[in-house]
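Here's model.pdb, which has PDB, C-alpha atoms:
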```pdb
ATOM      1  CA  MET K 160      11.718 -15.134  12.002
ATOM      2  CA  PHE K 161      13.673 -18.309  11.196
ATOM      3  CA  GLU K 162      16.833 -19.640  12.811
ATOM      4  CA  SER K 163      18.456 -20.030   9.410
ATOM      5  CA  ASP K 164      19.351 -16.784   7.636
ATOM      6  CA  PHE K 165      19.049 -18.657   4.333
ATOM      7  CA  VAL K 166      15.465 -19.772   5.043
ATOM      8  CA  ASP K 167      14.590 -16.339   6.444
ATOM      9  CA  SER K 168      15.753 -14.697   3.209
ATOM     10  CA  PHE K 169      12.838 -16.368   1.405
ATOM     11  CA  SER K 170      10.369 -14.614   3.718
ATOM     12  CA  ARG K 171      11.642 -11.124   2.909
ATOM     13  CA  VAL K 172      11.214  -9.224  -0.331
ATOM     14  CA  SER K 173      11.564  -5.648  -1.542
ATOM     15  CA  TRP K 174       8.447  -4.020  -2.993
ATOM     16  CA  TRP K 175      10.069  -3.506  -6.396
ATOM     17  CA  ALA K 176      10.466  -7.251  -6.943
ATOM     18  CA  VAL K 177       6.698  -7.618  -7.429
ATOM     19  CA  PRO K 178       6.379  -5.403 -10.536
ATOM     20  CA  ILE K 179       9.642  -6.759 -11.954
ATOM     21  CA  ILE K 180       8.193 -10.266 -11.802
ATOM     22  CA  TYR K 181       4.523  -9.657 -12.539
ATOM     23  CA  VAL K 182       4.407  -6.855 -15.144
ATOM     24  CA  PRO K 183       5.961  -9.149 -17.789
ATOM     25  CA  VAL K 184       3.564 -11.928 -16.709
ATOM     26  CA  ILE K 185       0.569  -9.600 -17.118
ATOM     27  CA  VAL K 186       1.749  -8.369 -20.518
ATOM     28  CA  GLY K 187       2.440 -11.927 -21.672
ATOM     29  CA  LEU K 188      -0.911 -13.290 -20.510
ATOM     30  CA  PHE K 189      -2.827 -10.408 -22.046
ATOM     31  CA  SER K 190      -0.893 -10.575 -25.320
ATOM     32  CA  PHE K 191      -1.448 -14.312 -25.554
ATOM     33  CA  GLY K 192      -5.157 -13.809 -24.932
ATOM     34  CA  LEU K 193      -5.493 -11.178 -27.657
ATOM     35  CA  GLY K 194      -4.974 -13.784 -30.358
ATOM     36  CA  ALA K 195      -7.884 -15.942 -29.235
ATOM     37  CA  ALA K 196     -10.303 -13.549 -27.529
ATOM     38  CA  GLY K 197      -9.703 -10.388 -29.585
ATOM     39  CA  THR K 198      -9.179  -6.884 -28.253
ATOM     40  CA  VAL K 199     -12.639  -6.143 -26.861
ATOM     41  CA  GLY K 200     -13.058  -9.633 -25.416
ATOM     42  CA  SER K 201      -9.603  -9.491 -23.832
ATOM     43  CA  VAL K 202     -10.211  -6.079 -22.273
ATOM     44  CA  LEU K 203     -13.567  -7.229 -20.867
ATOM     45  CA  ALA K 204     -12.096 -10.502 -19.606
ATOM     46  CA  ALA K 205      -9.173  -8.641 -17.975
ATOM     47  CA  ALA K 206     -11.609  -6.220 -16.316
ATOM     48  CA  ALA K 207     -13.569  -9.210 -14.996
ATOM     49  CA  GLY K 208     -10.342 -10.785 -13.700
ATOM     50  CA  LEU K 209      -9.422  -7.554 -11.935
ATOM     51  CA  PHE K 210     -12.858  -7.358 -10.323
ATOM     52  CA  VAL K 211     -12.707 -11.006  -9.236
ATOM     53  CA  TRP K 212      -9.261 -10.355  -7.744
ATOM     54  CA  THR K 213     -10.738  -7.758  -5.378
ATOM     55  CA  PHE K 214     -13.026 -10.447  -3.989
ATOM     56  CA  ALA K 215     -10.174 -12.999  -3.808
ATOM     57  CA  GLU K 216      -8.025 -10.463  -1.930
ATOM     58  CA  TYR K 217     -10.772  -9.862   0.624
ATOM     59  CA  TRP K 218     -11.699 -13.526   1.021
ATOM     60  CA  LEU K 219      -8.109 -14.796   1.310
ATOM     61  CA  HIS K 220      -7.334 -12.154   3.920
ATOM     62  CA  ARG K 221     -10.517 -12.808   5.868
ATOM     63  CA  THR K 222     -10.363 -16.613   5.805
ATOM     64  CA  LEU K 223      -6.954 -18.131   5.037
ATOM     65  CA  PHE K 224      -4.691 -15.365   6.354
ATOM     66  CA  HIS K 225      -6.550 -15.068   9.659
ATOM     67  CA  TRP K 226      -7.210 -18.791  10.082
ATOM     68  CA  VAL K 227      -5.566 -20.403  13.083
ATOM     69  CA  PRO K 228      -6.071 -24.173  12.781
ATOM     70  CA  ASN K 229      -7.179 -25.839  15.999
ATOM     71  CA  ARG K 230      -4.085 -28.026  16.066
ATOM     72  CA  ARG K 231      -0.746 -27.928  17.831
ATOM     73  CA  TRP K 232       0.860 -26.472  14.721
ATOM     74  CA  GLY K 233      -1.980 -23.957  14.150
ATOM     75  CA  PRO K 234      -0.492 -20.864  15.797
ATOM     76  CA  ARG K 235       2.864 -21.378  14.033
ATOM     77  CA  PHE K 236       1.076 -21.884  10.687
ATOM     78  CA  HIS K 237      -0.861 -18.641  11.160
ATOM     79  CA  PHE K 238       2.251 -16.770  12.250
ATOM     80  CA  LEU K 239       4.222 -17.873   9.190
ATOM     81  CA  LEU K 240       1.356 -17.187   6.789
ATOM     82  CA  HIS K 241       0.205 -13.779   8.026
ATOM     83  CA  GLY K 242       0.879 -13.227  11.702
ATOM     84  CA  VAL K 243       4.418 -12.120  10.969
ATOM     85  CA  HIS K 244       2.980  -9.130   9.119
ATOM     86  CA  HIS K 245       0.821  -8.204  12.100
ATOM     87  CA  GLU K 246       3.803  -8.670  14.420
ATOM     88  CA  TRP K 247       6.176  -6.510  12.360
ATOM     89  CA  VAL K 248       3.641  -4.190  10.770
ATOM     90  CA  ASN K 249       6.246  -1.668   9.581
ATOM     91  CA  ASP K 250       8.925  -4.068   8.332
ATOM     92  CA  ARG K 251       9.370  -2.886   4.745
ATOM     93  CA  PHE K 252      10.562  -6.346   3.655
ATOM     94  CA  ARG K 253       7.451  -8.153   4.929
ATOM     95  CA  LEU K 254       4.742  -6.071   3.249
ATOM     96  CA  VAL K 255       4.549  -7.732  -0.143
ATOM     97  CA  MET K 256       4.114 -11.436  -0.624
ATOM     98  CA  PRO K 257       7.344 -13.355  -1.242
ATOM     99  CA  PRO K 258       7.514 -14.531  -4.876
ATOM    100  CA  MET K 259       7.536 -18.228  -3.928
ATOM    101  CA  ALA K 260       4.234 -17.790  -2.069
ATOM    102  CA  SER K 261       2.587 -15.548  -4.662
ATOM    103  CA  GLY K 262       3.821 -17.825  -7.437
ATOM    104  CA  ALA K 263       2.312 -20.885  -5.751
ATOM    105  CA  LEU K 264      -1.000 -19.065  -5.323
ATOM    106  CA  ALA K 265      -0.816 -17.936  -8.958
ATOM    107  CA  VAL K 266      -0.461 -21.544 -10.135
ATOM    108  CA  VAL K 267      -3.490 -22.591  -8.068
ATOM    109  CA  PHE K 268      -5.580 -19.658  -9.297
ATOM    110  CA  PHE K 269      -4.531 -20.159 -12.920
ATOM    111  CA  GLY K 270      -5.474 -23.833 -12.762
ATOM    112  CA  MET K 271      -8.828 -23.005 -11.219
ATOM    113  CA  TRP K 272      -9.582 -20.323 -13.814
ATOM    114  CA  TYR K 273      -8.356 -22.533 -16.664
ATOM    115  CA  LEU K 274     -10.822 -25.223 -15.639
ATOM    116  CA  ALA K 275     -13.620 -22.675 -15.276
ATOM    117  CA  LEU K 276     -12.959 -20.534 -18.368
ATOM    118  CA  GLY K 277     -11.066 -22.706 -20.815
ATOM    119  CA  PRO K 278      -8.063 -21.897 -22.993
ATOM    120  CA  VAL K 279      -9.526 -18.858 -24.786
ATOM    121  CA  TRP K 280     -10.647 -16.701 -21.870
ATOM    122  CA  VAL K 281      -8.259 -17.748 -19.120
ATOM    123  CA  TYR K 282      -5.296 -15.717 -20.391
ATOM    124  CA  PRO K 283      -6.836 -12.236 -20.551
ATOM    125  CA  PHE K 284      -8.926 -12.943 -17.440
ATOM    126  CA  PHE K 285      -5.858 -14.036 -15.499
ATOM    127  CA  ALA K 286      -3.919 -11.011 -16.769
ATOM    128  CA  GLY K 287      -6.549  -8.863 -15.031
ATOM    129  CA  HIS K 288      -6.428 -11.082 -11.962
ATOM    130  CA  VAL K 289      -2.641 -10.714 -11.695
ATOM    131  CA  LEU K 290      -2.946  -6.962 -12.351
ATOM    132  CA  GLY K 291      -5.292  -6.854  -9.351
ATOM    133  CA  TYR K 292      -2.728  -8.734  -7.271
ATOM    134  CA  LEU K 293      -0.013  -6.297  -8.353
ATOM    135  CA  GLY K 294      -2.257  -3.369  -7.419
ATOM    136  CA  TYR K 295      -3.002  -4.974  -4.069
ATOM    137  CA  ASP K 296       0.652  -5.538  -3.171
ATOM    138  CA  MET K 297       1.716  -2.058  -4.319
ATOM    139  CA  THR K 298      -1.198  -0.447  -2.465
ATOM    140  CA  HIS K 299      -0.376  -2.446   0.650
ATOM    141  CA  TYR K 300       3.229  -1.315   0.605
ATOM    142  CA  TYR K 301       2.264   2.295  -0.096
ATOM    143  CA  ILE K 302      -0.309   2.584   2.684
ATOM    144  CA  HIS K 303       2.304   1.311   5.132
ATOM    145  CA  HIS K 304       5.279   3.353   3.937
ATOM    146  CA  GLY K 305       4.016   6.067   1.614
ATOM    147  CA  LYS K 306       2.511   9.431   2.379
ATOM    148  CA  PRO K 307      -0.986   9.283   0.886
ATOM    149  CA  ARG K 308      -2.219  12.611  -0.408
ATOM    150  CA  SER K 309      -5.516  11.731  -2.036
ATOM    151  CA  SER K 310      -8.557  11.294   0.165
ATOM    152  CA  TRP K 311      -9.137   7.817  -1.330
ATOM    153  CA  MET K 312      -5.644   6.614  -0.361
ATOM    154  CA  LYS K 313      -5.906   8.265   3.063
ATOM    155  CA  GLN K 314      -9.169   6.369   3.619
ATOM    156  CA  LEU K 315      -7.583   3.075   2.525
ATOM    157  CA  ARG K 316      -4.651   3.705   4.850
ATOM    158  CA  ALA K 317      -6.922   4.490   7.812
ATOM    159  CA  HIS K 318      -9.027   1.415   6.987
ATOM    160  CA  HIS K 319      -6.015  -0.900   6.892
ATOM    161  CA  MET K 320      -4.302   0.578   9.937
ATOM    162  CA  ASN K 321      -7.547   0.170  11.860
ATOM    163  CA  HIS K 322      -7.416  -3.520  10.887
ATOM    164  CA  HIS K 323      -3.875  -3.770  12.247
ATOM    165  CA  HIS K 324      -4.212  -1.811  15.443
ATOM    166  CA  ASN K 325      -7.852  -2.048  16.531
ATOM    167  CA  GLN K 326      -9.968  -4.622  14.710
ATOM    168  CA  ASP K 327      -8.061  -7.549  13.238
ATOM    169  CA  ARG K 328     -11.378  -9.431  12.736
ATOM    170  CA  ARG K 329     -12.746  -6.629  10.557
ATOM    171  CA  ARG K 330     -11.604  -4.436   7.672
ATOM    172  CA  PHE K 331     -10.002  -7.111   5.505
ATOM    173  CA  GLY K 332      -9.918  -5.202   2.222
ATOM    174  CA  VAL K 333      -6.604  -3.571   1.373
ATOM    175  CA  SER K 334      -6.961  -2.183  -2.150
ATOM    176  CA  THR K 335     -10.713  -1.624  -1.814
ATOM    177  CA  ARG K 336     -13.293  -1.425   0.947
ATOM    178  CA  VAL K 337     -16.145  -2.672  -1.263
ATOM    179  CA  TRP K 338     -16.242  -6.230   0.054
ATOM    180  CA  ASP K 339     -16.060  -5.082   3.681
ATOM    181  CA  ARG K 340     -19.234  -3.118   2.952
ATOM    182  CA  VAL K 341     -20.897  -6.062   1.183
ATOM    183  CA  PHE K 342     -20.084  -8.576   3.950
ATOM    184  CA  GLY K 343     -20.570  -6.262   6.937
ATOM    185  CA  THR K 344     -16.952  -6.235   8.103
ATOM    186  CA  LEU K 345     -16.492  -2.507   7.648
TER     187      LEU K 345
END
```
Output the structure of this file as structure tokens.
Amino acid sequence: MFESDFVDSFSRVSWWAVPIIYVPVIVGLFSFGLGAAGTVGSVLAAAAGLFVWTFAEYWLHRTLFHWVPNRRWGPRFHFLLHGVHHEWVNDRFRLVMPPMASGALAVVFFGMWYLALGPVWVYPFFAGHVLGYLGYDMTHYYIHHGKPRSSWMKQLRAHHMNHHHNQDRRRFGVSTRVWDRVFGTL
């Protein structure tokens, strides 16, 4: 993808790196939130963060990841951001987001949620949000390289593969199809 092997190494990541990085982050955020929001409040805030993640996943995929700016650099920008995944759909090292990219997005999301929710609720809410991201990345990897047995996972796989091979302007949900139903992109 890049002429430099060193630069290219930052665009490739094994699936197992995501839980190694983000499980401790989730546990830390949730634990920190317990002190201020309490158990019930933290669980509810985390559930809300998880739900909000599903929308963020859909909206990022539909808008940012499939956006090709109408500029000279637009096609290259799109290719680097998401087109590479559509080009090498079965590359097992390009199915989860590289930690530098997911970390940058995490900082932006945390700042946004901190401003919106304040210091008490942001930690358990963001723990749920990051848990949703972890679920998304693990689901994405699994539907590309696993052998789904449950009907739910088989449906998600068919949904996502249809996005890749037939309708790249539809079917943007990866870990859920809910928002595709809501916004008519199913």
Specify as a PDB file with C-alpha atoms, in the frame of the given file each residue included when the PyMOL selection byres ((chain K and resi 306-320) around 9) is applied to this file.
```
ATOM      1  CA  THR K 298      -1.198  -0.447  -2.465  1.00  0.00           C
ATOM      2  CA  HIS K 299      -0.376  -2.446   0.650  1.00  0.00           C
ATOM      3  CA  TYR K 301       2.264   2.295  -0.096  1.00  0.00           C
ATOM      4  CA  ILE K 302      -0.309   2.584   2.684  1.00  0.00           C
ATOM      5  CA  HIS K 303       2.304   1.311   5.132  1.00  0.00           C
ATOM      6  CA  HIS K 304       5.279   3.353   3.937  1.00  0.00           C
ATOM      7  CA  GLY K 305       4.016   6.067   1.614  1.00  0.00           C
ATOM      8  CA  ASN K 321      -7.547   0.170  11.860  1.00  0.00           C
ATOM      9  CA  HIS K 322      -7.416  -3.520  10.887  1.00  0.00           C
ATOM     10  CA  HIS K 323      -3.875  -3.770  12.247  1.00  0.00           C
ATOM     11  CA  HIS K 324      -4.212  -1.811  15.443  1.00  0.00           C
ATOM     12  CA  ASN K 325      -7.852  -2.048  16.531  1.00  0.00           C
ATOM     13  CA  ARG K 330     -11.604  -4.436   7.672  1.00  0.00           C
ATOM     14  CA  PHE K 331     -10.002  -7.111   5.505  1.00  0.00           C
ATOM     15  CA  GLY K 332      -9.918  -5.202   2.222  1.00  0.00           C
ATOM     16  CA  VAL K 333      -6.604  -3.571   1.373  1.00  0.00           C
ATOM     17  CA  SER K 334      -6.961  -2.183  -2.150  1.00  0.00           C
ATOM     18  CA  THR K 335     -10.713  -1.624  -1.814  1.00  0.00           C
ATOM     19  CA  ARG K 336     -13.293  -1.425   0.947  1.00  0.00           C
ATOM     20  CA  LEU K 345     -16.492  -2.507   7.648  1.00  0.00           C
TER      21      LEU K 345
END
```
Atomic separation - CA of Arg171 in chain K relative to CA of Phe238 in chain K, Å: 14.4 Å
One decimal place gives the CA of Met259 in chain K-CA of Val227 in chain K separation as 21.6 Å
Carefully work through the PyMOL selection byres ((chain K and resi 237) around 9) for this structure and note down the residues it includes, as a list in words. Leu223, Phe224, His225, Trp226, Val227, Pro228, Trp232, Gly233, Pro234, Arg235, Phe236, Phe238, Leu239, Leu240, His241, Gly242 and Val243 of chain K
What gap, in Å, lies between CA of Ser168 in chain K and CA of Arg251 in chain K? 13.5 Å
Let me know the residues the PyMOL selection byres ((chain K and resi 200-203) around 12) catches in the file above, as a compact mmCIF listing (two decimals) with C-alpha atoms, keeping the file's coordinate frame.
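Output contents, as saved in out_19.txt:
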```txt
# COMPACT_ATOMS: atom_id res chain seq x y z
CA VAL K 186 1.75 -8.37 -20.52
CA LEU K 188 -0.91 -13.29 -20.51
CA PHE K 189 -2.83 -10.41 -22.05
CA SER K 190 -0.89 -10.58 -25.32
CA PHE K 191 -1.45 -14.31 -25.55
CA GLY K 192 -5.16 -13.81 -24.93
CA LEU K 193 -5.49 -11.18 -27.66
CA GLY K 194 -4.97 -13.78 -30.36
CA ALA K 195 -7.88 -15.94 -29.24
CA ALA K 196 -10.30 -13.55 -27.53
CA GLY K 197 -9.70 -10.39 -29.58
CA THR K 198 -9.18 -6.88 -28.25
CA VAL K 199 -12.64 -6.14 -26.86
CA ALA K 204 -12.10 -10.50 -19.61
CA ALA K 205 -9.17 -8.64 -17.98
CA ALA K 206 -11.61 -6.22 -16.32
CA ALA K 207 -13.57 -9.21 -15.00
CA GLY K 208 -10.34 -10.78 -13.70
CA LEU K 209 -9.42 -7.55 -11.94
CA PHE K 210 -12.86 -7.36 -10.32
CA VAL K 279 -9.53 -18.86 -24.79
CA TRP K 280 -10.65 -16.70 -21.87
CA VAL K 281 -8.26 -17.75 -19.12
CA TYR K 282 -5.30 -15.72 -20.39
CA PRO K 283 -6.84 -12.24 -20.55
CA PHE K 284 -8.93 -12.94 -17.44
CA PHE K 285 -5.86 -14.04 -15.50
CA ALA K 286 -3.92 -11.01 -16.77
CA GLY K 287 -6.55 -8.86 -15.03
```
Residues within 10 Å of Met256 in chain K, please, as a list of chain:residue names. Count all atoms listed in the file; anything in the same chain fewer than 4 positions from it doesn't count. K:Ser170, K:Arg171, K:Val172, K:Ser173, K:Trp174, K:Ala176, K:Val177, K:Leu240, K:His241, K:Phe252, K:Ala260, K:Ser261, K:Gly262, K:Tyr292, K:Asp296
Selection export as a PDB file, in the coordinates of the input, atoms kept: C-alpha atoms:
```
ATOM      1  CA  SER K 170      10.369 -14.614   3.718  1.00  0.00           C
ATOM      2  CA  ARG K 171      11.642 -11.124   2.909  1.00  0.00           C
ATOM      3  CA  VAL K 172      11.214  -9.224  -0.331  1.00  0.00           C
ATOM      4  CA  SER K 173      11.564  -5.648  -1.542  1.00  0.00           C
ATOM      5  CA  TRP K 174       8.447  -4.020  -2.993  1.00  0.00           C
ATOM      6  CA  ALA K 176      10.466  -7.251  -6.943  1.00  0.00           C
ATOM      7  CA  VAL K 177       6.698  -7.618  -7.429  1.00  0.00           C
ATOM      8  CA  LEU K 240       1.356 -17.187   6.789  1.00  0.00           C
ATOM      9  CA  HIS K 241       0.205 -13.779   8.026  1.00  0.00           C
ATOM     10  CA  PHE K 252      10.562  -6.346   3.655  1.00  0.00           C
ATOM     11  CA  ALA K 260       4.234 -17.790  -2.069  1.00  0.00           C
ATOM     12  CA  SER K 261       2.587 -15.548  -4.662  1.00  0.00           C
ATOM     13  CA  GLY K 262       3.821 -17.825  -7.437  1.00  0.00           C
ATOM     14  CA  TYR K 292      -2.728  -8.734  -7.271  1.00  0.00           C
ATOM     15  CA  ASP K 296       0.652  -5.538  -3.171  1.00  0.00           C
TER      16      ASP K 296
END
```
Choose the residue, out of K:Phe268, K:Phe342, K:Leu254, K:Gln326, that has the smallest atom-to-atom separation from Trp212 in chain K; count only C-alpha atoms. K:Phe268
Which one of K:Glu246, K:Tyr217, K:Val289, K:Arg328 sits closest to Ile180 in chain K if you count only C-alpha atoms? K:Val289
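Among the candidates K:Gly291, K:Pro183, K:Pro178, K:Gly277, the one nearest to Phe214 in chain K when counting all atoms listed in the file is K:Gly291.
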